[in-house]
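Asks: Hey, dropping protein.txt in here, compact mmCIF, C-alpha atoms and all ligand atoms:
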# COMPACT_ATOMS: atom_id res chain seq x y z
CA MET A 1 -103.74 107.78 87.58
CA PRO A 2 -107.11 107.74 85.78
CA ARG A 3 -108.70 111.11 85.20
CA LEU A 4 -111.54 111.63 87.64
CA ASP A 5 -113.89 113.06 85.04
CA ARG A 6 -113.54 109.90 82.98
CA LEU A 7 -114.15 107.73 86.02
CA ALA A 8 -117.21 109.80 86.81
CA THR A 9 -118.40 109.27 83.26
CA LEU A 10 -117.89 105.55 83.61
CA TYR A 11 -119.45 104.98 86.99
CA LEU A 12 -122.09 107.67 87.28
CA THR A 13 -123.49 108.44 83.86
CA SER A 14 -122.52 105.69 81.48
CA PRO A 15 -123.58 103.20 80.35
CA LEU A 16 -126.34 102.42 82.85
CA VAL A 17 -128.28 105.66 82.74
CA ARG A 18 -128.24 105.83 78.98
CA LEU A 19 -129.56 102.30 78.63
CA PHE A 20 -133.01 103.82 79.02
CA GLY A 21 -133.80 103.94 75.35
CA PRO A 22 -136.43 102.77 72.91
CA GLU A 23 -137.96 99.30 73.27
CA PRO A 24 -136.17 96.30 71.73
CA GLY A 25 -137.13 95.92 68.08
CA VAL A 26 -137.06 99.60 67.24
CA ARG A 27 -133.49 100.12 68.28
CA VAL A 28 -130.25 98.47 67.28
CA PRO A 29 -127.17 98.05 69.45
CA ILE A 30 -124.06 99.00 67.51
CA LEU A 31 -121.20 97.25 69.30
CA MET A 32 -117.78 98.93 69.32
CA TYR A 33 -114.59 96.90 69.26
CA HIS A 34 -110.99 97.76 68.45
CA SER A 35 -108.25 95.17 68.96
CA ILE A 36 -109.04 91.49 69.58
CA SER A 37 -105.87 90.66 71.51
CA HIS A 38 -104.06 90.65 74.85
CA ASN A 39 -102.35 93.96 73.95
CA LEU A 40 -103.22 96.54 76.61
CA PHE A 41 -101.56 99.35 74.61
CA GLY A 42 -99.80 100.46 77.81
CA MET A 43 -103.07 101.25 79.59
CA SER A 44 -103.60 99.85 83.09
CA HIS A 45 -107.18 100.86 83.92
CA PRO A 46 -109.94 98.83 82.24
CA TYR A 47 -111.75 102.02 81.13
CA TYR A 48 -108.90 102.76 78.74
CA HIS A 49 -108.63 99.26 77.32
CA ILE A 50 -109.32 99.08 73.62
CA ASN A 51 -108.50 95.40 73.42
CA THR A 52 -110.99 92.60 73.89
CA LEU A 53 -109.49 89.25 74.82
CA PRO A 54 -109.94 86.71 72.00
CA SER A 55 -111.65 84.30 74.43
CA VAL A 56 -114.09 87.02 75.55
CA PHE A 57 -114.82 88.07 71.98
CA SER A 58 -115.44 84.47 70.97
CA GLU A 59 -117.81 83.97 73.92
CA GLN A 60 -119.72 87.15 73.07
CA MET A 61 -120.17 86.14 69.44
CA ARG A 62 -121.33 82.62 70.36
CA CYS A 63 -123.69 84.10 72.91
CA LEU A 64 -125.24 86.26 70.18
CA ARG A 65 -125.47 83.40 67.72
CA ASN A 66 -126.98 80.99 70.25
CA ALA A 67 -129.59 83.61 71.15
CA GLY A 68 -130.62 83.87 67.50
CA TYR A 69 -129.05 87.21 66.66
CA ARG A 70 -127.89 88.20 63.20
CA THR A 71 -125.65 91.04 62.10
CA THR A 72 -126.28 93.70 59.48
CA GLY A 73 -124.32 96.57 57.99
CA LEU A 74 -125.12 100.13 59.01
CA ALA A 75 -127.11 100.94 55.85
CA GLU A 76 -129.33 97.88 56.37
CA ALA A 77 -129.85 98.80 60.01
CA TRP A 78 -130.98 102.33 59.12
CA ALA A 79 -133.23 101.00 56.36
CA GLY A 80 -134.79 98.52 58.79
CA LEU A 81 -135.30 101.14 61.48
CA SER A 82 -136.87 103.56 59.00
CA ALA A 83 -139.22 100.88 57.67
CA GLY A 84 -140.29 99.82 61.16
CA ALA A 85 -138.90 96.30 60.72
CA ASP A 86 -138.52 94.04 63.75
CA LEU A 87 -134.84 94.41 64.63
CA SER A 88 -135.03 92.81 68.06
CA LYS A 89 -132.47 90.16 67.05
CA VAL A 90 -130.11 92.41 65.09
CA VAL A 91 -126.76 93.87 66.09
CA VAL A 92 -124.14 95.84 64.14
CA LEU A 93 -120.50 94.97 64.85
CA THR A 94 -117.91 97.73 64.37
CA PHE A 95 -114.13 97.68 64.79
CA GLY A 96 -112.00 100.82 65.04
CA ASN A 97 -108.55 101.67 63.66
CA GLY A 98 -107.81 98.65 61.42
CA TYR A 99 -105.80 96.31 63.62
CA ARG A 100 -104.54 93.19 61.88
CA ASP A 101 -105.81 90.96 64.69
CA PHE A 102 -109.26 91.38 63.15
CA TYR A 103 -107.94 89.35 60.22
CA THR A 104 -105.97 86.85 62.31
CA ASP A 105 -108.19 86.44 65.40
CA ALA A 106 -111.70 87.82 64.88
CA MET A 107 -112.59 86.83 61.34
CA ASP A 108 -112.65 83.06 61.94
CA VAL A 109 -115.06 83.47 64.84
CA LEU A 110 -117.31 85.76 62.80
CA THR A 111 -117.31 83.34 59.88
CA GLN A 112 -118.21 80.43 62.17
CA CYS A 113 -121.12 82.44 63.54
CA GLY A 114 -122.24 83.67 60.11
CA PHE A 115 -121.62 87.28 61.17
CA SER A 116 -120.31 90.31 59.32
CA ALA A 117 -118.79 93.59 60.51
CA THR A 118 -117.80 97.12 59.55
CA LEU A 119 -114.19 98.23 60.04
CA PHE A 120 -113.23 101.90 60.39
CA LEU A 121 -109.72 102.44 59.05
CA VAL A 122 -107.08 105.06 59.86
CA THR A 123 -105.86 105.21 56.29
CA SER A 124 -102.25 106.39 56.93
CA ARG A 125 -101.68 103.23 58.99
CA ILE A 126 -102.86 100.86 56.26
CA ARG A 127 -99.87 100.11 54.01
CA GLN A 128 -98.68 97.57 51.47
CA THR A 129 -96.80 95.81 54.29
CA SER A 130 -98.18 95.71 57.82
CA LEU A 131 -97.30 98.73 59.98
CA ARG A 132 -96.59 98.23 63.70
CA VAL A 133 -97.52 101.07 66.09
CA ALA A 134 -97.44 100.74 69.90
CA GLY A 135 -96.98 96.98 69.60
CA ALA A 136 -100.03 96.55 67.36
CA ASP A 137 -99.94 95.47 63.73
CA TYR A 138 -102.27 97.09 61.21
CA LEU A 139 -104.06 95.57 58.24
CA THR A 140 -102.53 95.90 54.78
CA TRP A 141 -104.53 97.00 51.73
CA ARG A 142 -104.30 93.42 50.50
CA ASP A 143 -105.91 92.24 53.78
CA VAL A 144 -108.60 94.88 53.34
CA ARG A 145 -109.52 93.63 49.88
CA GLN A 146 -109.57 90.01 51.04
CA LEU A 147 -111.86 90.91 53.92
CA GLN A 148 -114.03 92.90 51.53
CA HIS A 149 -114.47 89.78 49.39
CA ALA A 150 -115.54 87.95 52.56
CA GLY A 151 -118.34 90.48 53.12
CA ILE A 152 -116.66 92.94 55.50
CA GLN A 153 -117.57 96.61 55.01
CA PHE A 154 -115.27 99.56 55.57
CA GLY A 155 -115.67 103.13 56.74
CA SER A 156 -113.49 106.19 57.21
CA HIS A 157 -111.75 106.85 60.52
CA THR A 158 -109.60 109.80 59.24
CA VAL A 159 -106.04 109.77 57.90
CA THR A 160 -104.06 110.14 61.17
CA HIS A 161 -106.60 109.64 64.01
CA PRO A 162 -106.60 113.22 65.37
CA VAL A 163 -109.07 114.64 67.90
CA MET A 164 -111.33 116.39 65.40
CA SER A 165 -112.39 119.20 67.74
CA GLN A 166 -108.77 120.31 68.07
CA LEU A 167 -108.23 120.80 64.32
CA ASP A 168 -108.63 123.93 62.21
CA ASP A 169 -111.32 123.83 59.53
CA ALA A 170 -109.02 122.95 56.63
CA SER A 171 -107.33 120.12 58.54
CA ALA A 172 -110.67 118.70 59.69
CA ARG A 173 -111.95 118.56 56.13
CA ARG A 174 -108.68 117.09 54.85
CA GLU A 175 -108.65 114.32 57.49
CA ILE A 176 -112.15 113.24 56.49
CA GLU A 177 -111.96 113.74 52.73
CA ASP A 178 -108.49 112.27 52.13
CA SER A 179 -109.26 109.08 54.07
CA TRP A 180 -112.61 108.79 52.28
CA LEU A 181 -110.98 109.18 48.83
CA ARG A 182 -108.24 106.67 49.66
CA LEU A 183 -110.76 104.08 50.85
CA ARG A 184 -112.91 104.56 47.75
CA THR A 185 -109.85 104.06 45.54
CA GLU A 186 -108.54 101.00 47.38
CA THR A 187 -111.88 99.22 47.76
CA SER A 188 -113.75 100.51 44.67
CA ALA A 189 -116.74 100.85 46.99
CA ALA A 190 -118.85 103.77 48.15
CA ILE A 191 -117.81 104.68 51.69
CA PRO A 192 -120.96 106.05 53.34
CA ALA A 193 -119.94 105.80 57.02
CA PHE A 194 -117.49 107.72 59.17
CA CYS A 195 -116.32 107.10 62.75
CA TYR A 196 -114.86 109.86 64.97
CA PRO A 197 -111.42 109.24 66.53
CA ASN A 198 -111.88 108.78 70.30
CA GLY A 199 -115.51 109.73 69.73
CA GLY A 200 -116.40 111.34 73.04
CA VAL A 201 -118.55 114.46 73.20
CA ALA A 202 -115.52 116.72 73.68
CA ASP A 203 -113.69 115.12 70.74
CA ILE A 204 -116.29 116.24 68.16
CA SER A 205 -117.12 119.80 67.07
CA ALA A 206 -120.33 121.12 65.49
CA ARG A 207 -118.50 121.51 62.17
CA GLU A 208 -117.95 117.80 61.39
CA PRO A 209 -121.56 116.81 60.58
CA ALA A 210 -121.68 119.58 57.94
CA ILE A 211 -118.42 118.39 56.35
CA LEU A 212 -119.67 114.79 56.31
CA ARG A 213 -123.05 115.76 54.85
CA ALA A 214 -121.40 117.85 52.11
CA LEU A 215 -119.17 114.93 51.11
CA GLY A 216 -122.19 112.62 50.83
CA PHE A 217 -121.70 110.46 53.92
CA ASP A 218 -124.88 108.85 55.27
CA THR A 219 -123.84 108.43 58.88
CA ALA A 220 -121.12 108.87 61.50
CA LEU A 221 -120.55 106.93 64.72
CA THR A 222 -119.46 108.29 68.09
CA ALA A 223 -118.27 106.48 71.21
CA THR A 224 -121.09 107.85 73.35
CA THR A 225 -123.23 105.12 74.85
CA GLY A 226 -126.70 104.23 73.65
CA HIS A 227 -128.84 102.44 71.08
CA ALA A 228 -129.31 103.61 67.52
CA SER A 229 -133.01 104.25 67.01
CA VAL A 230 -135.38 106.00 64.62
CA SER A 231 -136.21 108.66 67.18
CA ALA A 232 -132.55 109.36 67.89
CA TRP A 233 -131.64 109.20 64.22
CA HIS A 234 -134.25 111.74 63.13
CA SER A 235 -134.14 114.02 66.17
CA SER A 236 -132.12 116.69 64.31
CA PRO A 237 -130.40 117.16 60.92
CA ASP A 238 -127.08 116.33 62.60
CA SER A 239 -128.25 113.23 64.47
CA PRO A 240 -127.38 110.75 61.66
CA PHE A 241 -123.82 112.00 62.16
CA LEU A 242 -123.82 111.56 65.94
CA VAL A 243 -124.90 107.93 66.32
CA PRO A 244 -124.12 106.26 69.69
CA ARG A 245 -122.70 102.78 70.26
CA PHE A 246 -121.93 100.32 73.03
CA GLY A 247 -118.33 99.56 73.93
CA TYR A 248 -117.88 96.83 76.48
CA ASN A 249 -114.77 94.73 76.40
CA GLY A 250 -115.34 92.45 79.36
CA ASN A 251 -118.06 91.42 81.81
CA PRO A 252 -120.08 88.83 79.83
CA ALA A 253 -123.18 89.33 81.98
CA LEU A 254 -123.36 93.05 81.25
CA PHE A 255 -122.70 92.37 77.58
CA LYS A 256 -125.76 90.11 77.39
CA GLN A 257 -127.84 92.68 79.20
CA ILE A 258 -126.81 95.49 76.88
CA VAL A 259 -127.74 93.49 73.82
CA THR A 260 -131.00 92.07 75.08
CA GLY A 261 -132.19 95.11 77.00
CA ILE A 262 -132.71 92.99 80.14
CA LEU A 263 -130.78 95.51 82.21
CA ARG A 264 -132.97 98.31 80.93
CA ALA A 265 -136.08 96.38 81.96
CA ARG A 266 -134.70 95.62 85.42
CA LEU A 267 -133.78 99.23 86.07
CA ALA A 268 -137.19 100.38 84.89
CA MET A 269 -138.90 97.94 87.28
CA ARG A 270 -136.79 99.20 90.16
CA LEU A 271 -137.72 102.79 89.40
CA ASP A 272 -141.42 101.90 89.14
CA ARG A 273 -141.50 100.73 92.76
ZN ZN A 301 -109.99 104.97 66.71
Produce structure tokens that represent the structure in this file.
Ligand SMILES: [Zn+2]

Replies:
Amino acid sequence: MPRLDRLATLYLTSPLVRLFGPEPGVRVPILMYHSISHNLFGMSHPYYHINTLPSVFSEQMRCLRNAGYRTTGLAEAWAGLSAGADLSKVVVLTFGNGYRDFYTDAMDVLTQCGFSATLFLVTSRIRQTSLRVAGADYLTWRDVRQLQHAGIQFGSHTVTHPVMSQLDDASARREIEDSWLRLRTETSAAIPAFCYPNGGVADISAREPAILRALGFDTALTATTGHASVSAWHSSPDSPFLVPRFGYNGNPALFKQIVTGILRARLAMRLDR
């Protein structure tokens, strides 16, 4: 039985209301994916699904490409936003947890479309041989390095995927720092981006932005719904560490509207009347 508060979040407050954001061009949709597969991870209600069907993912990527979109990494998106560049045809693609189906099912589609992505890894689940948890296989470190050579970027998603707000201070710091150090060692790259496990408002405490800032991270992504924009990014010292995204696994029409801002325009017109 789905929790009523989550259903209320889905149907009453998100994502429609929060689509009222800055105009296209000065905001970037950061799209949130996890597994590209048929694996429902035991969840029956669509709100809980973290899988996107390979056919749906392929259609979404081709839709973006045919509409003239390009992808950037997070650092390039922030740089573009700060410089006032026209980002009306830019999206950032992110994938959580480090499922191996990114390598086997998503990467070909991205390559065909000329797209890149950022993967947020739960470092204890990335091994020398692929780990299987809840019927899902995880990337190996060898996969990670191969993807890195193909232009994929990586970010920290903790060591064990805990709800950060439920941890004591020492554990919170360890989850962030240990995953960050492991990723830096395995990829020989700076790891400037973090992504909160689960990523809802209640899953994050006020302490995490300070930990991330002290370690030298540039940004952190949540699962709250909205565009990344200059105004949102600079609204407070913590706002670079509370960046919203869009997660939509199905409904191709709504996907197009989220990316293009058509839905936002339609709702605005309706309110004007
Ligand atoms: Zn996750």

Asks: For a test of reading the model, state the distance in Å between atom CA of Pro244 of chain A and atom CA of Gly216 of chain A, rounded to one decimal.

Replies: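 Distance between the two atoms: 20.0 Å.
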
Asks: Please report the interatomic distance between atom CA of Tyr99 of chain A and atom CA of Tyr138 of chain A in Å with one decimal.

Replies: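 Result for atom CA of Tyr99 of chain A versus atom CA of Tyr138 of chain A: 4.3 Å, one decimal.
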
Asks: Which chains and residue numbers are within 12 Å of ligand ZN 301 (chain A), counting all atoms listed in the file, if I want them as a VMD selection string?

Replies: chain A and resid 32 to 35 50 to 51 94 to 99 119 to 123 125 155 to 164 194 to 200 203 221 to 223

Asks: For the atom pair atom CA of Gln128 of chain A and atom CA of Leu147 of chain A, what is the interatomic distance in Å to one decimal place?

Replies: 15.0 Å

Asks: Counting only C-alpha atoms, find residues at most 10 Å from (-100.4, 90.1, 73.8) (file frame) and give them as a count of residues only.

Replies: 10

Asks: Counting only C-alpha atoms, what is within 8 Å of Ser165 of chain A, bar same-chain residues fewer than 4 positions away, as a list in words?

Replies: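 What passes the distance filter is Ala202, Asp203, Ile204 and Ser205 of chain A.
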
Asks: Go through A:Pro54, A:Gly42, A:Leu87, A:Gly73 one by one, measure the shortest atom-to-atom distance of each to Val133 of chain A using all atoms listed in the file, and give the residue with the smallest value.

Replies: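 Of the candidates, the smallest distance to Val133 of chain A is held by A:Gly42.
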
Asks: Measuring between only C-alpha atoms, which one of A:Ala214, A:Ala228, A:Val26, A:Ala206 shows the shortest distance to Gly84 of chain A?

Replies: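 The closest residue to Gly84 of chain A is A:Val26.
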